[in-house]
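Colleague: My structure is stored as entry.cif, with mmCIF, C-alpha atoms.
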```cif
data_input
#
loop_
_atom_site.label_atom_id
_atom_site.label_comp_id
_atom_site.auth_asym_id
_atom_site.auth_seq_id
_atom_site.Cartn_x
_atom_site.Cartn_y
_atom_site.Cartn_z
CA MET A 1 9.90 34.62 1.46
CA LEU A 2 11.08 34.11 5.02
CA LYS A 3 13.09 31.12 3.87
CA LEU A 4 14.96 33.16 1.27
CA PHE A 5 15.50 35.88 3.85
CA ILE A 6 17.12 33.43 6.29
CA ILE A 7 19.27 31.73 3.67
CA PHE A 8 20.41 34.98 2.10
CA PHE A 9 21.22 36.45 5.47
CA ARG A 10 23.12 33.41 6.68
CA GLU A 11 25.08 32.78 3.54
CA THR A 12 26.04 36.39 2.87
CA LEU A 13 26.89 37.18 6.49
CA GLU A 14 30.16 35.25 6.30
CA VAL A 15 31.29 37.01 3.13
CA SER A 16 30.15 40.31 4.55
CA ILE A 17 32.19 39.90 7.74
CA ILE A 18 35.30 38.94 5.77
CA LEU A 19 34.84 41.90 3.42
CA GLY A 20 34.33 44.24 6.37
CA ILE A 21 37.62 43.15 7.91
CA ILE A 22 39.50 43.28 4.61
CA SER A 23 38.16 46.74 3.84
CA ALA A 24 39.22 47.93 7.27
CA ALA A 25 42.66 46.38 6.85
CA THR A 26 43.22 48.14 3.56
CA ASN A 27 41.64 51.40 4.61
CA GLY A 28 43.47 54.34 3.05
CA ILE A 29 45.19 52.31 0.34
CA LYS A 30 44.73 54.00 -3.00
CA ASN A 31 42.45 52.26 -5.50
CA ARG A 32 41.70 49.41 -3.14
CA SER A 33 37.97 49.64 -3.81
CA ILE A 34 38.56 48.95 -7.51
CA TYR A 35 40.27 45.69 -6.58
CA ILE A 36 37.70 44.69 -3.99
CA ASN A 37 34.77 45.55 -6.25
CA SER A 38 36.19 43.61 -9.17
CA GLY A 39 36.59 40.73 -6.72
CA ILE A 40 32.91 40.99 -5.85
CA LEU A 41 31.97 40.99 -9.54
CA LEU A 42 34.29 38.08 -10.30
CA GLY A 43 32.93 36.21 -7.28
CA ALA A 44 29.33 36.72 -8.39
CA LEU A 45 30.10 35.55 -11.94
CA GLY A 46 32.06 32.60 -10.58
CA SER A 47 29.15 31.63 -8.30
CA LEU A 48 26.80 31.57 -11.28
CA MET A 49 29.30 29.43 -13.19
CA ILE A 50 29.76 26.96 -10.33
CA ALA A 51 25.99 26.73 -9.87
CA TYR A 52 25.45 26.20 -13.59
CA PHE A 53 27.99 23.38 -13.74
CA ALA A 54 27.04 22.11 -10.28
CA ASN A 55 26.03 18.61 -11.32
CA THR A 56 29.18 18.10 -13.36
CA ILE A 57 31.37 19.41 -10.53
CA PHE A 58 29.56 17.37 -7.86
CA ASP A 59 29.88 14.14 -9.84
CA SER A 60 33.59 14.58 -10.50
CA PHE A 61 36.34 13.02 -8.34
CA SER A 62 34.16 9.95 -7.75
CA GLY A 63 31.43 12.03 -6.12
CA TYR A 64 33.74 14.16 -4.02
CA GLY A 65 33.90 17.07 -6.47
CA GLN A 66 32.01 19.30 -4.07
CA GLU A 67 34.47 18.78 -1.22
CA ILE A 68 37.53 19.04 -3.43
CA THR A 69 36.36 22.23 -5.16
CA ASN A 70 35.53 23.87 -1.84
CA ALA A 71 38.76 22.74 -0.22
CA SER A 72 40.79 24.15 -3.12
CA ILE A 73 38.96 27.48 -2.98
CA LEU A 74 39.48 27.67 0.78
CA LEU A 75 43.17 26.81 0.60
CA LEU A 76 43.70 29.35 -2.18
CA CYS A 77 41.86 32.03 -0.23
CA SER A 78 43.71 31.18 2.97
CA SER A 79 47.15 31.40 1.36
CA MET A 80 46.22 34.69 -0.33
CA ILE A 81 45.23 36.13 3.03
CA VAL A 82 48.48 34.87 4.59
CA TRP A 83 50.40 36.53 1.80
CA THR A 84 48.46 39.77 2.20
CA VAL A 85 49.03 39.88 5.96
CA ILE A 86 52.78 39.42 5.50
CA TRP A 87 52.86 41.97 2.72
CA MET A 88 50.88 44.44 4.84
CA LYS A 89 53.38 44.06 7.66
CA TYR A 90 56.19 44.70 5.23
CA ALA A 91 54.47 47.73 3.71
CA HIS A 92 53.64 48.97 7.16
CA LYS A 93 57.30 48.78 8.22
CA LYS A 94 58.26 50.80 5.16
CA THR A 95 55.76 53.50 6.00
CA ILE A 96 57.17 53.78 9.46
CA SER A 97 60.70 54.04 8.10
CA LYS A 98 59.68 57.18 6.23
CA ILE A 99 59.51 55.80 2.72
CA HIS A 100 55.89 56.56 3.53
CA THR A 101 53.11 56.80 1.00
CA ALA A 102 55.17 55.33 -1.85
CA TRP A 103 53.74 51.85 -1.19
CA ARG A 104 50.25 53.14 -1.36
CA ASN A 105 50.70 53.99 -5.02
CA LYS A 106 53.08 51.35 -6.21
CA SER A 107 51.62 48.23 -4.74
CA ASP A 108 49.06 47.52 -7.45
CA ILE A 109 50.30 43.99 -8.04
CA SER A 110 49.93 43.10 -4.39
CA LEU A 111 46.45 44.51 -4.42
CA ILE A 112 45.38 41.92 -6.98
CA SER A 113 45.40 39.47 -4.09
CA LEU A 114 42.47 41.47 -2.68
CA THR A 115 40.49 40.68 -5.82
CA PHE A 116 41.22 36.98 -5.42
CA ILE A 117 40.42 36.90 -1.72
CA THR A 118 37.11 38.68 -2.26
CA ALA A 119 36.20 36.50 -5.23
CA SER A 120 37.04 33.21 -3.55
CA ALA A 121 35.22 34.22 -0.37
CA ILE A 122 32.13 34.73 -2.52
CA PHE A 123 32.43 31.62 -4.74
CA ARG A 124 31.39 29.06 -2.18
CA GLU A 125 28.48 30.67 -0.42
CA GLY A 126 27.52 32.44 -3.64
CA SER A 127 27.04 29.25 -5.60
CA GLU A 128 24.99 27.80 -2.73
CA ILE A 129 22.74 30.85 -2.79
CA VAL A 130 22.25 30.56 -6.53
CA LEU A 131 21.42 26.83 -6.32
CA PHE A 132 19.06 27.34 -3.42
CA SER A 133 17.27 30.36 -4.93
CA TYR A 134 16.79 28.48 -8.17
CA SER A 135 15.35 25.50 -6.35
CA ILE A 136 12.98 27.76 -4.38
CA PHE A 137 12.05 29.59 -7.54
CA ILE A 138 10.92 26.43 -9.35
CA SER A 139 9.08 24.95 -6.38
CA THR A 140 7.40 27.74 -4.46
CA GLN A 141 3.95 29.27 -4.61
CA ASP A 142 5.23 32.68 -3.53
CA SER A 143 5.27 35.41 -6.15
CA ILE A 144 8.53 36.62 -7.64
CA ILE A 145 8.16 39.95 -5.86
CA GLN A 146 7.88 38.20 -2.49
CA LEU A 147 10.96 36.15 -3.27
CA ILE A 148 12.93 39.21 -4.28
CA ILE A 149 11.90 41.08 -1.14
CA GLY A 150 12.98 38.12 1.01
CA ALA A 151 16.32 37.76 -0.73
CA LEU A 152 17.09 41.47 -0.82
CA SER A 153 16.25 42.09 2.82
CA GLY A 154 18.40 39.14 3.95
CA PHE A 155 21.23 40.36 1.79
CA THR A 156 20.89 43.97 2.97
CA ILE A 157 20.95 43.11 6.67
CA ALA A 158 24.01 40.91 6.20
CA ALA A 159 25.76 43.62 4.18
CA LEU A 160 24.88 46.18 6.81
CA THR A 161 26.43 44.00 9.51
CA GLY A 162 29.68 43.86 7.54
CA PHE A 163 29.57 47.60 6.96
CA LEU A 164 29.03 48.34 10.67
CA LEU A 165 31.90 46.00 11.51
CA TYR A 166 34.08 47.93 9.06
CA LYS A 167 33.05 51.26 10.57
CA GLY A 168 33.71 49.89 14.03
CA ILE A 169 37.17 48.59 13.22
CA ILE A 170 38.40 51.74 11.49
CA LYS A 171 37.50 53.73 14.61
CA ILE A 172 40.35 51.92 16.38
CA PRO A 173 43.36 54.29 16.64
CA GLY A 174 46.05 53.86 13.95
CA LYS A 175 48.66 51.79 15.73
CA TYR A 176 46.18 49.26 17.09
CA LEU A 177 44.09 49.25 13.93
CA PHE A 178 46.91 47.61 12.01
CA LYS A 179 47.50 45.05 14.74
CA THR A 180 43.80 44.25 15.06
CA THR A 181 43.23 43.77 11.35
CA SER A 182 46.28 41.57 10.84
CA ILE A 183 45.28 39.38 13.78
CA LEU A 184 41.70 39.11 12.49
CA LEU A 185 42.87 38.28 8.97
CA SER A 186 45.35 35.68 10.26
CA LEU A 187 42.58 33.97 12.22
CA ILE A 188 40.25 34.00 9.22
CA ALA A 189 43.02 32.38 7.14
CA ALA A 190 43.58 29.78 9.87
CA GLY A 191 39.85 29.01 10.05
CA MET A 192 39.64 28.58 6.28
CA ALA A 193 42.59 26.20 6.25
CA SER A 194 41.04 24.06 8.99
CA GLN A 195 37.73 24.00 7.09
CA ALA A 196 39.68 22.76 4.08
CA ALA A 197 41.19 20.02 6.25
CA ASN A 198 37.68 18.91 7.23
CA LEU A 199 36.65 18.76 3.56
CA LEU A 200 39.75 16.77 2.63
CA GLN A 201 38.85 14.32 5.38
CA SER A 202 35.27 14.16 4.11
CA ALA A 203 36.56 13.38 0.63
CA GLU A 204 38.70 10.53 2.03
CA ILE A 205 41.83 12.21 0.72
CA MET A 206 43.24 12.43 4.21
CA SER A 207 41.35 9.81 6.09
CA TRP A 208 43.44 9.51 9.23
CA ASN A 209 42.92 11.31 12.49
CA GLN A 210 39.13 11.56 12.22
CA THR A 211 38.40 11.41 15.94
CA PRO A 212 37.69 14.84 17.43
CA LEU A 213 40.23 15.99 20.02
CA TRP A 214 37.60 17.54 22.22
CA ASN A 215 34.01 18.71 22.17
CA SER A 216 33.25 22.16 23.51
CA SER A 217 29.64 22.31 22.33
CA TRP A 218 28.58 22.55 26.00
CA LEU A 219 30.42 25.87 26.17
CA ILE A 220 29.72 27.38 22.76
CA SER A 221 27.59 25.45 20.30
CA GLN A 222 28.42 25.87 16.64
CA GLN A 223 24.72 26.16 15.99
CA SER A 224 24.31 29.20 18.22
CA PHE A 225 24.62 32.70 16.83
CA ILE A 226 27.83 33.38 18.75
CA GLY A 227 29.22 30.03 17.62
CA LYS A 228 28.49 30.91 14.00
CA ILE A 229 30.11 34.35 14.24
CA LEU A 230 33.14 32.85 15.96
CA GLY A 231 33.20 30.23 13.22
CA VAL A 232 33.69 32.91 10.60
CA VAL A 233 36.04 35.18 12.49
CA VAL A 234 38.29 32.82 14.45
CA GLY A 235 37.41 29.54 12.73
CA TYR A 236 35.70 28.13 15.82
CA VAL A 237 34.80 24.43 15.58
CA GLU A 238 33.30 22.68 18.60
CA ASN A 239 34.92 19.30 17.89
CA PRO A 240 38.13 19.72 15.86
CA THR A 241 40.20 16.78 14.66
CA GLY A 242 43.99 16.66 14.83
CA LEU A 243 44.27 17.39 11.14
CA GLU A 244 42.01 20.41 11.42
CA LEU A 245 44.09 21.73 14.28
CA ALA A 246 47.30 21.20 12.30
CA PHE A 247 45.85 23.04 9.31
CA TYR A 248 44.64 25.79 11.64
CA THR A 249 48.08 26.45 13.09
CA ALA A 250 49.98 26.26 9.77
CA PRO A 251 49.00 29.72 8.41
CA LEU A 252 49.62 31.28 11.83
CA LEU A 253 53.12 29.79 11.97
CA VAL A 254 53.93 30.94 8.43
CA ILE A 255 52.80 34.47 9.25
CA TYR A 256 54.76 34.49 12.50
CA TYR A 257 57.92 33.10 10.90
CA MET A 258 57.83 35.41 7.87
CA SER A 259 57.10 38.55 9.85
CA SER A 260 59.88 37.87 12.35
CA ARG A 261 62.23 37.36 9.40
CA LEU A 262 61.13 40.65 7.88
CA GLU A 263 61.66 42.32 11.20
CA LYS A 264 65.23 41.00 11.36
CA GLN A 265 65.89 42.15 7.81
CA SER A 266 64.63 45.65 8.40
CA ALA A 267 66.67 45.81 11.61
CA GLN A 268 69.80 44.90 9.66
CA THR A 269 69.26 47.39 6.83
CA SER A 270 68.52 50.36 9.04
CA MET B 1 66.99 13.21 -1.38
CA LYS B 2 66.89 11.02 1.70
CA ARG B 3 64.63 13.51 3.38
CA ILE B 4 62.18 13.42 0.50
CA ALA B 5 62.14 9.62 0.62
CA TYR B 6 61.39 9.64 4.34
CA PHE B 7 58.71 12.24 3.87
CA THR B 8 57.03 10.24 1.10
CA ALA B 9 57.20 7.07 3.19
CA ILE B 10 55.56 8.75 6.17
CA LEU B 11 52.93 10.39 4.01
CA SER B 12 51.99 7.18 2.23
CA ALA B 13 51.89 5.33 5.54
CA LEU B 14 49.47 7.96 6.83
CA PHE B 15 47.37 7.77 3.69
CA CYS B 16 47.04 4.04 3.74
CA SER B 17 46.87 3.35 7.46
CA ASN B 18 43.22 4.09 8.10
CA ALA B 19 41.86 3.55 4.64
CA PHE B 20 42.09 -0.24 4.63
CA ALA B 21 42.02 -0.98 8.30
CA TYR B 22 38.25 -0.85 8.76
CA GLU B 23 35.33 -2.71 7.30
CA LYS B 24 32.85 -0.71 5.29
CA GLU B 25 29.12 -0.53 5.80
CA ILE B 26 26.74 1.02 3.31
CA HIS B 27 23.55 2.84 4.24
CA GLU B 28 20.90 4.62 2.27
CA ILE B 29 18.63 7.52 3.11
CA GLU B 30 16.05 9.24 0.96
CA ILE B 31 14.85 12.80 1.13
CA ILE B 32 11.11 12.85 0.48
CA LYS B 33 9.07 16.04 0.90
CA ASN B 34 11.97 17.65 2.80
CA LYS B 35 12.17 14.81 5.29
CA PHE B 36 14.77 12.12 5.82
CA VAL B 37 13.44 8.59 5.27
CA PRO B 38 14.33 6.78 7.48
CA SER B 39 15.06 9.52 9.96
CA ILE B 40 16.79 7.15 12.36
CA LEU B 41 19.63 5.16 10.93
CA LYS B 42 21.28 2.32 12.83
CA ALA B 43 24.91 1.56 12.16
CA SER B 44 27.75 -0.47 13.61
CA LYS B 45 30.62 0.97 15.62
CA ASN B 46 34.20 0.93 14.38
CA LYS B 47 33.25 0.69 10.75
CA VAL B 48 33.65 3.14 7.93
CA LEU B 49 30.11 4.17 7.02
CA LYS B 50 29.16 5.14 3.51
CA ILE B 51 25.81 6.89 3.58
CA LYS B 52 24.10 7.35 0.24
CA ILE B 53 21.53 10.10 0.22
CA PHE B 54 18.95 10.22 -2.56
CA ASN B 55 17.02 13.45 -2.95
CA ARG B 56 13.64 12.53 -4.41
CA ASP B 57 12.43 16.14 -4.24
CA LYS B 58 12.87 18.82 -6.84
CA THR B 59 14.21 21.17 -4.18
CA ILE B 60 17.84 21.32 -3.18
CA GLU B 61 18.95 20.22 0.27
CA GLU B 62 22.16 20.43 2.24
CA PHE B 63 22.97 17.48 4.45
CA GLU B 64 24.60 18.89 7.55
CA SER B 65 25.80 17.43 10.82
CA PHE B 66 27.88 19.06 13.51
CA ASP B 67 28.31 15.72 15.29
CA LEU B 68 29.57 13.99 12.16
CA LYS B 69 31.36 17.10 10.89
CA ARG B 70 29.86 16.85 7.45
CA GLU B 71 28.18 19.34 5.14
CA LYS B 72 27.21 18.51 1.59
CA ILE B 73 24.76 19.80 -0.97
CA VAL B 74 22.21 17.37 -2.41
CA PRO B 75 20.72 18.89 -5.56
CA GLY B 76 17.12 18.03 -6.44
CA LYS B 77 16.63 14.54 -7.93
CA ARG B 78 20.27 13.61 -7.31
CA LYS B 79 22.32 11.33 -5.10
CA ILE B 80 25.36 12.04 -2.97
CA THR B 81 27.54 9.89 -0.74
CA ILE B 82 29.16 10.86 2.50
CA THR B 83 31.73 8.80 4.30
CA VAL B 84 32.13 8.90 8.07
CA GLY B 85 33.72 6.89 10.80
CA PRO B 86 34.91 4.67 12.29
CA LEU B 87 32.62 5.99 15.01
CA LYS B 88 32.21 5.32 18.71
CA PRO B 89 28.80 4.14 19.93
CA GLY B 90 26.39 7.02 20.42
CA GLU B 91 23.89 9.25 18.69
CA TYR B 92 24.89 11.60 15.92
CA GLY B 93 22.32 14.14 14.80
CA PHE B 94 22.00 15.47 11.27
CA PHE B 95 19.66 17.85 9.50
CA GLY B 96 18.84 19.47 6.19
CA GLU B 97 20.19 22.98 6.31
CA PHE B 98 17.65 24.30 3.86
CA HIS B 99 14.64 22.70 5.57
CA PRO B 100 15.66 22.26 9.21
CA GLU B 101 12.05 22.44 10.45
CA THR B 102 11.24 19.09 8.78
CA ALA B 103 14.52 17.52 7.74
CA GLN B 104 15.90 16.09 11.00
CA GLY B 105 17.47 12.75 11.64
CA LYS B 106 20.02 10.87 13.63
CA LEU B 107 22.55 8.13 13.22
CA VAL B 108 22.56 5.63 16.06
CA VAL B 109 25.86 3.80 16.33
CA GLN B 110 25.88 0.58 18.37
#
```
As a first step, turn the structure in this file into structure tokens.
Modeller:
Amino acid sequence: MLKLFIIFFRETLEVSIILGIISAATNGIKNRSIYINSGILLGALGSLMIAYFANTIFDSFSGYGQEITNASILLLCSSMIVWTVIWMKYAHKKTISKIHTAWRNKSDISLISLTFITASAIFREGSEIVLFSYSIFISTQDSIIQLIIGALSGFTIAALTGFLLYKGIIKIPGKYLFKTTSILLSLIAAGMASQAANLLQSAEIMSWNQTPLWNSSWLISQQSFIGKILGVVVGYVENPTGLELAFYTAPLLVIYYMSSRLEKQSAQTS
Amino acid sequence: MKRIAYFTAILSALFCSNAFAYEKEIHEIEIIKNKFVPSILKASKNKVLKIKIFNRDKTIEEFESFDLKREKIVPGKRKITITVGPLKPGEYGFFGEFHPETAQGKLVVQ
């Protein structure tokens, strides 16, 4: 029971933090909850699918199916977030230039990215939870009720953390709220990309540059609670390799470049 | 066109450079009753290490190591392989994320 509690808490905390930030970033956008909720549903179904086909997936790509699947999901999710951040900046500019609420109603296509981000954030951890719960279920002496209590309480506390984070962020006054959420989302995207780099290295697809550049575990250990939270939010890794660092900076550079271009464009048109 | 050719050349150089430069060494670990057997693994420095992990239990495990920067699920009754290195001499801890109280081990590189 305790085991399921810990696993459910740990695995859902990451998703919950990401969802909290995304919800805060899209606060006030019409219909956004439909898109986020369908993402959650899609993510849950996808997790079950991945878990069901786990052995087939894991055996593919000469045994590196696990790494390659996860890396693809992470890269997809990261680029979606990058796209959303740039789009949000653009939409935000428009609001300021008095075209105001129009974008809130007409941006349904862009909102589909929210569904994808939510779903892909859930896929990975979700399928792990399913696999683990199943394995506990077939091997434990605990009763089903005990298992359900453990799982549900872990899940609830993680969800609550995300919800409190959301409530906390939206308290930030308007102008800064937008800045805060786009910075947080950019860092999440960067962290996901660098995680993907690590997986590509693990799968021997990019096998150079394996030596860590530094090791800051003496300062913040990745195993500590703070290290874990920082891992989700800013992509903290105690011993990053060159490739991971390169992948980390790529989304940030794209966001910076695209938003400064948009800024120039809007300066020219007005 | 020239640019693409350069780019491909650099990329393929990067891909191939490390892959063939080091000797490989194969190791095996088993997971029995949520423990790593053997829990201490000795390996040589400056070699690419392929570690095969057999899970003899019905329960799922996740091989995880912050020192080796690896994380991989080992379903019950299955085998996975992780590749690390070349490594510098030293000790690299690893553990089973789903049973950390029993599944602990380390790789000693000499």
Colleague: Out of A:Ser120, A:Gln265, A:Ser153, A:Asn239, which residue has the shortest atom-to-atom distance to Ser65 of chain B when counting only C-alpha atoms?
Modeller: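 Under the stated criterion, the closest residue is A:Asn239.
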Colleague: List the residues matched by the PyMOL selection byres ((chain A) within 8 of (chain B)) in the displayed structure as a ChimeraX atom specification, ordered by chain and then by residue number.
Modeller: /A:7,55,63,66-67,131-132,135-136,139,198,202-208,210-211,222,239
Colleague: Of the candidates A:Ile117, A:Leu13, A:Ile129, A:Ala267, which one gets nearest to Ser78 of chain A if we count all atoms listed in the file?
Modeller: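 Result for the nearest residue to Ser78 of chain A: A:Ile117.
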Colleague: So the first atom is atom CA of Val233 of chain A and the second is atom CA of Ala189 of chain A; what is the distance between them in Å, to one decimal place?
Modeller: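 Going from atom CA of Val233 of chain A over to atom CA of Ala189 of chain A covers 9.2 Å.
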Colleague: Residues near segment 33-47 of chain A, anyone? I mean within 6 Å using all atoms listed in the file, not counting same-chain ones fewer than 3 positions away, as a list in words.
Modeller: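 My reading of the contact set: Ile50, Leu114, Thr115, Thr118, Ala119, Ile122, Phe123, Gly126 and Ser127 of chain A.
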Colleague: So the first atom is atom CA of Ala121 of chain A and the second is atom CA of Ala25 of chain A; what is the distance between them in Å, to one decimal place?
Modeller: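 Separation between atom CA of Ala121 of chain A and atom CA of Ala25 of chain A: 16.0 Å.
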Colleague: For this file, the PyMOL selection byres ((chain A and resi 253-260) around 12) selects which residues, as a ChimeraX atom specification?
Modeller: /A:78-93,182-183,185-187,189-190,246-252,261-267
Colleague: Taking only C-alpha atoms into account, name the residue in B:Tyr6, B:Arg56, B:Gly90, B:Val108 that is nearest to Phe36 of chain B.
Modeller: B:Arg56
Colleague: As an exercise, work out the distance from atom CA of Val15 of chain A to atom CA of Ile68 of chain A in Å and give it to one decimal place.
Modeller: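 Value for the atom CA of Val15 of chain A-atom CA of Ile68 of chain A distance: 20.1 Å.
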Colleague: Which residues come within 8 Å of segment 69-76 of chain A, counting only C-alpha atoms, excluding same-chain residues fewer than 5 positions away, as a PyMOL selection string?
Modeller: chain A and resi 57+120-121+123-124+192-193+195-197+199-200
Colleague: When you count only C-alpha atoms, which of these residues is closest to Gly174 of chain A: A:Ala24, A:Ile226, A:Leu219, A:Ile188?
Modeller: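 Residue with the minimum atom-to-atom distance to Gly174 of chain A: A:Ala24.
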Colleague: What would the selection look like, as a ChimeraX atom specification, if the PyMOL selection byres ((chain B and resi 26-29) around 7) were run on the coordinates I just shared?
Modeller: /B:24-25,30-31,36-38,49-54
Colleague: Counting all atoms listed in the file, what is within 12 Å of Phe225 of chain A, bar same-chain residues fewer than 6 positions away, as a PyMOL selection string?
Modeller: chain A and resi 10+13+231-232
